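Remarks on the structure that follows.
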Amino acid sequence: MTETETKSLQAKEKKEVTTPAELTKPGLVFNPAVDILETERELTLLADLPGVKAKDLKIDLNNNVLTLTADETLPEGSGEKDVFREYRTGRYYRQFTLSDTIDQSKIEAVLKDGVLRLALPKVEAATPRKITIKAGS
Amino acid sequence: MIIRRFSGLPTWDWRSPFDELERMRMELDRRAGDYPGSVFRLPPAGVFPLVNVTEDQDNYYVRAELPGVKTDELGISVTGDTLTLSGERKLPEESEKASYHRREREAGSFSRVISLPTRLDVDKVKALAEDGVLTVVLPKAESAKPRQIAVKSS
């Protein structure tokens, strides 16, 4: 952020979404907050997925539709009783349609401290390639 | 002039306009807790982060979802029965050439004071962050713990 004065954060309630048909597990489903940015070489998708472990995150790409599904691991121990709750937990779900310019074989995902960073490199077709022509003898 | 007062109807003798706001807030809080078995409560307006609080016999556990916030950027202090969480959520600077299609994640500073029902053992507070979820373990003060009293028969 380039602003000189830091903004003070205000909590937002997690956005609940209606369960898509494919999800059969009961529970709440939320839309994670995402940033999507593009450079000449790639698209980057950043998603806030607090409470999600790498093994519970599914990234699926089918017919240019990218689907993120992630289950939150509840951190509470078994002997704990609720005093009060302000946020809810459940599952994250979000879909994006990608353009054909993404090289689907080179997508990379890193999940760290509850933030997913998905690198979607563009196809190199646009890069001019030098073709050397050999003279036939 | 006759001044009629009905109990439960608003009257014009508020000590300050804020008393009425406070009353409305309390009413909302009460309603939020009205649903049977609900432990959900409306957080005070404008706070960050939202917290879930649980307890067992010895400790309170305060949890907050803070994705991407590093533990060394967090300030945690405890006095008596209150916990103060403060810090700043920074989003790493992206390439200057990047153009944003969507920007929903927010950066900024925060500070929140959470009161717990009993006094705390301030020396033994622990905090850990895992997968973007902060857990602060607050041991209850010895004096606040329930004590088993053995009844001796004479």
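The way I read the labels, and the way they are meant: chains A, B, ... in the order of the structure tokens, residue 1 as the first residue of every chain, and ligand 1 as the first ligand shown, with later ones counted on from there.
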If we count only C-alpha atoms, which residues of chain B reach to within 7 Å of chain A? Please list them as a ChimeraX atom specification. /B:39-43,46-56,65-68,93,97-105,108-110,130-133
Once you have the residues from the selection above, write them out as a compact mmCIF listing (two decimals), in the first residue's frame, restricted to N, CA and C atoms.
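Result went into result-v6.txt, see below:
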# COMPACT_ATOMS: atom_id res chain seq x y z
N VAL B 39 -24.57 -19.06 20.64
CA VAL B 39 -23.52 -18.37 21.37
C VAL B 39 -23.00 -17.21 20.53
N PHE B 40 -23.64 -16.99 19.38
CA PHE B 40 -23.19 -15.91 18.52
C PHE B 40 -23.62 -14.58 19.10
N ARG B 41 -22.75 -13.63 18.99
CA ARG B 41 -23.14 -12.30 19.44
C ARG B 41 -22.64 -11.30 18.41
N LEU B 42 -23.34 -10.20 18.36
CA LEU B 42 -22.91 -9.16 17.44
C LEU B 42 -21.70 -8.47 18.03
N PRO B 43 -20.64 -8.40 17.27
CA PRO B 43 -19.48 -7.69 17.79
C PRO B 43 -19.76 -6.19 17.81
N GLY B 46 -17.37 -1.75 14.12
CA GLY B 46 -16.07 -1.23 13.71
C GLY B 46 -14.84 -1.89 14.29
N VAL B 47 -15.02 -3.02 14.96
CA VAL B 47 -13.84 -3.65 15.55
C VAL B 47 -13.17 -4.59 14.56
N PHE B 48 -11.93 -4.90 14.86
CA PHE B 48 -11.19 -5.90 14.11
C PHE B 48 -10.13 -6.45 15.05
N PRO B 49 -9.87 -7.72 15.05
CA PRO B 49 -10.58 -8.78 14.32
C PRO B 49 -11.77 -9.30 15.11
N LEU B 50 -12.59 -10.11 14.46
CA LEU B 50 -13.64 -10.82 15.16
C LEU B 50 -12.99 -11.96 15.93
N VAL B 51 -13.53 -12.27 17.08
CA VAL B 51 -12.92 -13.33 17.88
C VAL B 51 -13.96 -14.37 18.29
N ASN B 52 -13.50 -15.59 18.43
CA ASN B 52 -14.30 -16.65 19.04
C ASN B 52 -13.62 -16.99 20.35
N VAL B 53 -14.40 -17.07 21.41
CA VAL B 53 -13.82 -17.34 22.72
C VAL B 53 -14.40 -18.63 23.28
N THR B 54 -13.52 -19.52 23.68
CA THR B 54 -13.95 -20.76 24.33
C THR B 54 -13.21 -20.90 25.65
N GLU B 55 -13.66 -21.84 26.45
CA GLU B 55 -12.97 -22.06 27.72
C GLU B 55 -12.97 -23.53 28.07
N ASP B 56 -12.01 -23.93 28.87
CA ASP B 56 -12.11 -25.20 29.57
C ASP B 56 -11.85 -24.87 31.03
N GLU B 65 -9.23 -14.88 13.10
CA GLU B 65 -8.74 -15.21 11.76
C GLU B 65 -7.95 -14.02 11.23
N LEU B 66 -6.66 -14.22 11.08
CA LEU B 66 -5.78 -13.15 10.60
C LEU B 66 -4.87 -13.69 9.51
N PRO B 67 -5.44 -13.97 8.34
CA PRO B 67 -4.61 -14.56 7.29
C PRO B 67 -3.50 -13.63 6.86
N GLY B 68 -2.30 -14.20 6.77
CA GLY B 68 -1.16 -13.43 6.28
C GLY B 68 -0.53 -12.51 7.30
N GLU B 93 3.83 -5.99 -1.25
CA GLU B 93 3.80 -5.15 -2.46
C GLU B 93 3.93 -6.02 -3.70
N LYS B 97 4.00 -3.15 -12.24
CA LYS B 97 3.37 -3.27 -13.55
C LYS B 97 2.03 -4.00 -13.50
N ALA B 98 1.78 -4.61 -12.34
CA ALA B 98 0.56 -5.41 -12.24
C ALA B 98 -0.68 -4.53 -12.22
N SER B 99 -1.69 -4.98 -12.92
CA SER B 99 -2.96 -4.27 -12.85
C SER B 99 -3.96 -5.17 -12.15
N TYR B 100 -4.78 -4.56 -11.30
CA TYR B 100 -5.71 -5.35 -10.49
C TYR B 100 -7.04 -5.55 -11.20
N HIS B 101 -7.50 -6.79 -11.19
CA HIS B 101 -8.84 -7.08 -11.69
C HIS B 101 -9.83 -7.07 -10.54
N ARG B 102 -9.33 -7.46 -9.38
CA ARG B 102 -10.16 -7.56 -8.21
C ARG B 102 -9.30 -7.25 -7.00
N ARG B 103 -9.83 -6.51 -6.07
CA ARG B 103 -9.06 -6.23 -4.87
C ARG B 103 -10.01 -6.24 -3.69
N GLU B 104 -10.10 -7.37 -3.07
CA GLU B 104 -11.04 -7.53 -1.96
C GLU B 104 -10.33 -7.64 -0.61
N ARG B 105 -9.07 -8.07 -0.66
CA ARG B 105 -8.33 -8.24 0.60
C ARG B 105 -7.87 -6.86 1.07
N GLY B 108 -4.30 -2.93 6.78
CA GLY B 108 -4.55 -1.84 7.72
C GLY B 108 -4.16 -2.24 9.13
N SER B 109 -4.30 -1.29 10.03
CA SER B 109 -3.93 -1.57 11.41
C SER B 109 -5.17 -1.87 12.22
N PHE B 110 -4.98 -2.53 13.34
CA PHE B 110 -6.12 -2.86 14.18
C PHE B 110 -5.71 -2.90 15.64
N GLU B 130 -1.50 -20.43 13.48
CA GLU B 130 -1.42 -21.57 12.59
C GLU B 130 -2.41 -21.37 11.45
N ASP B 131 -1.92 -21.51 10.24
CA ASP B 131 -2.75 -21.37 9.03
C ASP B 131 -3.57 -20.08 9.04
N GLY B 132 -3.00 -19.02 9.56
CA GLY B 132 -3.71 -17.75 9.55
C GLY B 132 -4.74 -17.57 10.65
N VAL B 133 -4.74 -18.51 11.62
CA VAL B 133 -5.65 -18.37 12.75
C VAL B 133 -4.80 -18.19 14.01
Can you pull out every residue from chain B that DSSP, working from the backbone, puts in helix (DSSP H, G or I), and format the result as a CSV table (one decimal) with N, CA and C atoms, in the first residue's frame?
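The file below, out07.csv, is the result:
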chain,number,residue,atom,x,y,z
B,17,PRO,N,-27.5,11.8,24.7
B,17,PRO,CA,-28.0,11.0,23.5
B,17,PRO,C,-27.3,9.6,23.4
B,18,PHE,N,-26.2,9.5,24.0
B,18,PHE,CA,-25.4,8.3,23.8
B,18,PHE,C,-26.0,7.2,24.7
B,19,ASP,N,-26.7,7.6,25.7
B,19,ASP,CA,-27.4,6.5,26.6
B,19,ASP,C,-28.4,5.7,25.7
B,20,GLU,N,-29.1,6.5,24.9
B,20,GLU,CA,-30.1,5.8,24.0
B,20,GLU,C,-29.4,4.9,23.0
B,21,LEU,N,-28.3,5.3,22.5
B,21,LEU,CA,-27.5,4.5,21.6
B,21,LEU,C,-27.0,3.2,22.3
B,22,GLU,N,-26.6,3.4,23.5
B,22,GLU,CA,-26.1,2.3,24.3
B,22,GLU,C,-27.2,1.3,24.5
B,23,ARG,N,-28.4,1.8,24.8
B,23,ARG,CA,-29.5,1.0,25.1
B,23,ARG,C,-29.9,0.2,23.8
B,24,MET,N,-29.8,0.8,22.7
B,24,MET,CA,-30.1,0.1,21.4
B,24,MET,C,-29.1,-1.0,21.2
B,25,ARG,N,-27.8,-0.6,21.5
B,25,ARG,CA,-26.8,-1.6,21.3
B,25,ARG,C,-27.0,-2.9,22.1
B,26,MET,N,-27.4,-2.6,23.4
B,26,MET,CA,-27.6,-3.7,24.3
B,26,MET,C,-28.8,-4.5,23.9
B,27,GLU,N,-29.8,-3.8,23.4
B,27,GLU,CA,-31.0,-4.5,22.9
B,27,GLU,C,-30.6,-5.5,21.7
B,28,LEU,N,-29.8,-4.9,20.8
B,28,LEU,CA,-29.3,-5.8,19.7
B,28,LEU,C,-28.5,-7.0,20.2
B,29,ASP,N,-27.6,-6.7,21.1
B,29,ASP,CA,-26.8,-7.8,21.7
B,29,ASP,C,-27.7,-8.9,22.3
B,30,ARG,N,-28.8,-8.4,23.0
B,30,ARG,CA,-29.7,-9.3,23.6
B,30,ARG,C,-30.4,-10.2,22.5
B,31,ARG,N,-30.8,-9.5,21.5
B,31,ARG,CA,-31.6,-10.2,20.4
B,31,ARG,C,-30.7,-11.2,19.7
B,32,ALA,N,-29.4,-10.8,19.6
B,32,ALA,CA,-28.5,-11.7,18.9
B,32,ALA,C,-28.3,-13.0,19.7
B,71,THR,N,3.3,-13.4,13.3
B,71,THR,CA,3.2,-13.3,14.8
B,71,THR,C,4.0,-12.1,15.3
B,72,ASP,N,5.1,-11.8,14.6
B,72,ASP,CA,6.0,-10.7,15.1
B,72,ASP,C,5.3,-9.3,14.7
B,73,GLU,N,4.3,-9.3,14.0
B,73,GLU,CA,3.6,-8.1,13.7
B,73,GLU,C,2.4,-7.9,14.6
B,122,VAL,N,-1.6,-13.6,34.1
B,122,VAL,CA,-1.0,-12.8,33.1
B,122,VAL,C,0.4,-13.4,32.7
B,123,ASP,N,1.1,-14.1,33.6
B,123,ASP,CA,2.4,-14.6,33.3
B,123,ASP,C,2.4,-15.8,32.4
B,124,LYS,N,1.3,-16.5,32.3
B,124,LYS,CA,1.4,-17.7,31.6
B,124,LYS,C,0.6,-17.7,30.3
B,142,GLU,N,-5.6,-18.4,39.5
B,142,GLU,CA,-5.9,-19.4,40.5
B,142,GLU,C,-7.2,-19.1,41.3
B,143,SER,N,-7.3,-17.8,41.7
B,143,SER,CA,-8.4,-17.4,42.5
B,143,SER,C,-9.7,-17.5,41.8
B,144,ALA,N,-9.7,-17.5,40.5
B,144,ALA,CA,-11.0,-17.5,39.7
B,144,ALA,C,-11.4,-19.0,39.4
d(atom CA of Leu120 of chain B, atom CA of Ala45 of chain B) in Å: 25.8 Å
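For the pair atom CA of Leu98 of chain A and atom CA of Leu66 of chain A, the separation is 6.9 Å.
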What lies within 10 Å of Asp103 of chain A using only C-alpha atoms, ignoring chain neighbours under 5 positions off, as a PyMOL selection string? chain A and resi 42+120-125
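Taking only C-alpha atoms into account, Arg117 of chain A lies nearest to B:Pro92 out of the set B:Pro92, B:Lys70, B:Gly87, B:Tyr61.
If you look at atom CA of Leu61 of chain A and atom CA of Ile102 of chain A, they are 11.3 Å away from each other.
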Would you please give, as a PyMOL selection string, all residues of segment 85-119 of chain B that DSSP assigns to strand (DSSP E) based on the backbone? chain B and resi 85-89+99-103+108-115
Residues from the last selection, N, CA and C atoms, saved as a PDB file, in the first residue's frame:
ATOM      1  N   LEU B  85      -5.406  -7.022  21.620  1.00  0.00           N
ATOM      2  CA  LEU B  85      -4.769  -7.513  20.395  1.00  0.00           C
ATOM      3  C   LEU B  85      -4.577  -6.319  19.477  1.00  0.00           C
ATOM      4  N   SER B  86      -3.350  -6.116  19.027  1.00  0.00           N
ATOM      5  CA  SER B  86      -3.157  -5.027  18.086  1.00  0.00           C
ATOM      6  C   SER B  86      -2.140  -5.449  17.051  1.00  0.00           C
ATOM      7  N   GLY B  87      -2.112  -4.764  15.968  1.00  0.00           N
ATOM      8  CA  GLY B  87      -1.155  -5.099  14.926  1.00  0.00           C
ATOM      9  C   GLY B  87      -1.539  -4.460  13.623  1.00  0.00           C
ATOM     10  N   GLU B  88      -0.863  -4.921  12.614  1.00  0.00           N
ATOM     11  CA  GLU B  88      -1.127  -4.372  11.304  1.00  0.00           C
ATOM     12  C   GLU B  88      -1.110  -5.501  10.294  1.00  0.00           C
ATOM     13  N   ARG B  89      -2.096  -5.479   9.434  1.00  0.00           N
ATOM     14  CA  ARG B  89      -2.083  -6.453   8.359  1.00  0.00           C
ATOM     15  C   ARG B  89      -1.487  -5.781   7.148  1.00  0.00           C
ATOM     16  N   SER B  99      -1.687  -4.979 -12.922  1.00  0.00           N
ATOM     17  CA  SER B  99      -2.963  -4.269 -12.852  1.00  0.00           C
ATOM     18  C   SER B  99      -3.964  -5.174 -12.149  1.00  0.00           C
ATOM     19  N   TYR B 100      -4.777  -4.562 -11.297  1.00  0.00           N
ATOM     20  CA  TYR B 100      -5.710  -5.352 -10.490  1.00  0.00           C
ATOM     21  C   TYR B 100      -7.043  -5.548 -11.200  1.00  0.00           C
ATOM     22  N   HIS B 101      -7.498  -6.785 -11.191  1.00  0.00           N
ATOM     23  CA  HIS B 101      -8.841  -7.083 -11.687  1.00  0.00           C
ATOM     24  C   HIS B 101      -9.832  -7.070 -10.536  1.00  0.00           C
ATOM     25  N   ARG B 102      -9.331  -7.457  -9.383  1.00  0.00           N
ATOM     26  CA  ARG B 102     -10.159  -7.558  -8.208  1.00  0.00           C
ATOM     27  C   ARG B 102      -9.301  -7.250  -7.001  1.00  0.00           C
ATOM     28  N   ARG B 103      -9.831  -6.509  -6.073  1.00  0.00           N
ATOM     29  CA  ARG B 103      -9.061  -6.227  -4.872  1.00  0.00           C
ATOM     30  C   ARG B 103     -10.010  -6.238  -3.692  1.00  0.00           C
ATOM     31  N   GLY B 108      -4.300  -2.929   6.780  1.00  0.00           N
ATOM     32  CA  GLY B 108      -4.555  -1.843   7.721  1.00  0.00           C
ATOM     33  C   GLY B 108      -4.164  -2.241   9.125  1.00  0.00           C
ATOM     34  N   SER B 109      -4.304  -1.288  10.028  1.00  0.00           N
ATOM     35  CA  SER B 109      -3.927  -1.571  11.406  1.00  0.00           C
ATOM     36  C   SER B 109      -5.173  -1.870  12.220  1.00  0.00           C
ATOM     37  N   PHE B 110      -4.979  -2.532  13.340  1.00  0.00           N
ATOM     38  CA  PHE B 110      -6.124  -2.859  14.176  1.00  0.00           C
ATOM     39  C   PHE B 110      -5.712  -2.905  15.636  1.00  0.00           C
ATOM     40  N   SER B 111      -6.688  -2.763  16.485  1.00  0.00           N
ATOM     41  CA  SER B 111      -6.468  -2.861  17.914  1.00  0.00           C
ATOM     42  C   SER B 111      -7.805  -3.195  18.553  1.00  0.00           C
ATOM     43  N   ARG B 112      -7.805  -4.180  19.393  1.00  0.00           N
ATOM     44  CA  ARG B 112      -9.063  -4.557  20.007  1.00  0.00           C
ATOM     45  C   ARG B 112      -8.840  -5.008  21.442  1.00  0.00           C
ATOM     46  N   VAL B 113      -9.741  -4.603  22.296  1.00  0.00           N
ATOM     47  CA  VAL B 113      -9.686  -4.985  23.704  1.00  0.00           C
ATOM     48  C   VAL B 113     -10.814  -5.967  23.965  1.00  0.00           C
ATOM     49  N   ILE B 114     -10.485  -7.102  24.548  1.00  0.00           N
ATOM     50  CA  ILE B 114     -11.493  -8.123  24.821  1.00  0.00           C
ATOM     51  C   ILE B 114     -11.516  -8.396  26.320  1.00  0.00           C
ATOM     52  N   SER B 115     -12.683  -8.243  26.907  1.00  0.00           N
ATOM     53  CA  SER B 115     -12.808  -8.524  28.340  1.00  0.00           C
ATOM     54  C   SER B 115     -13.242  -9.964  28.528  1.00  0.00           C
TER      55      SER B 115
END
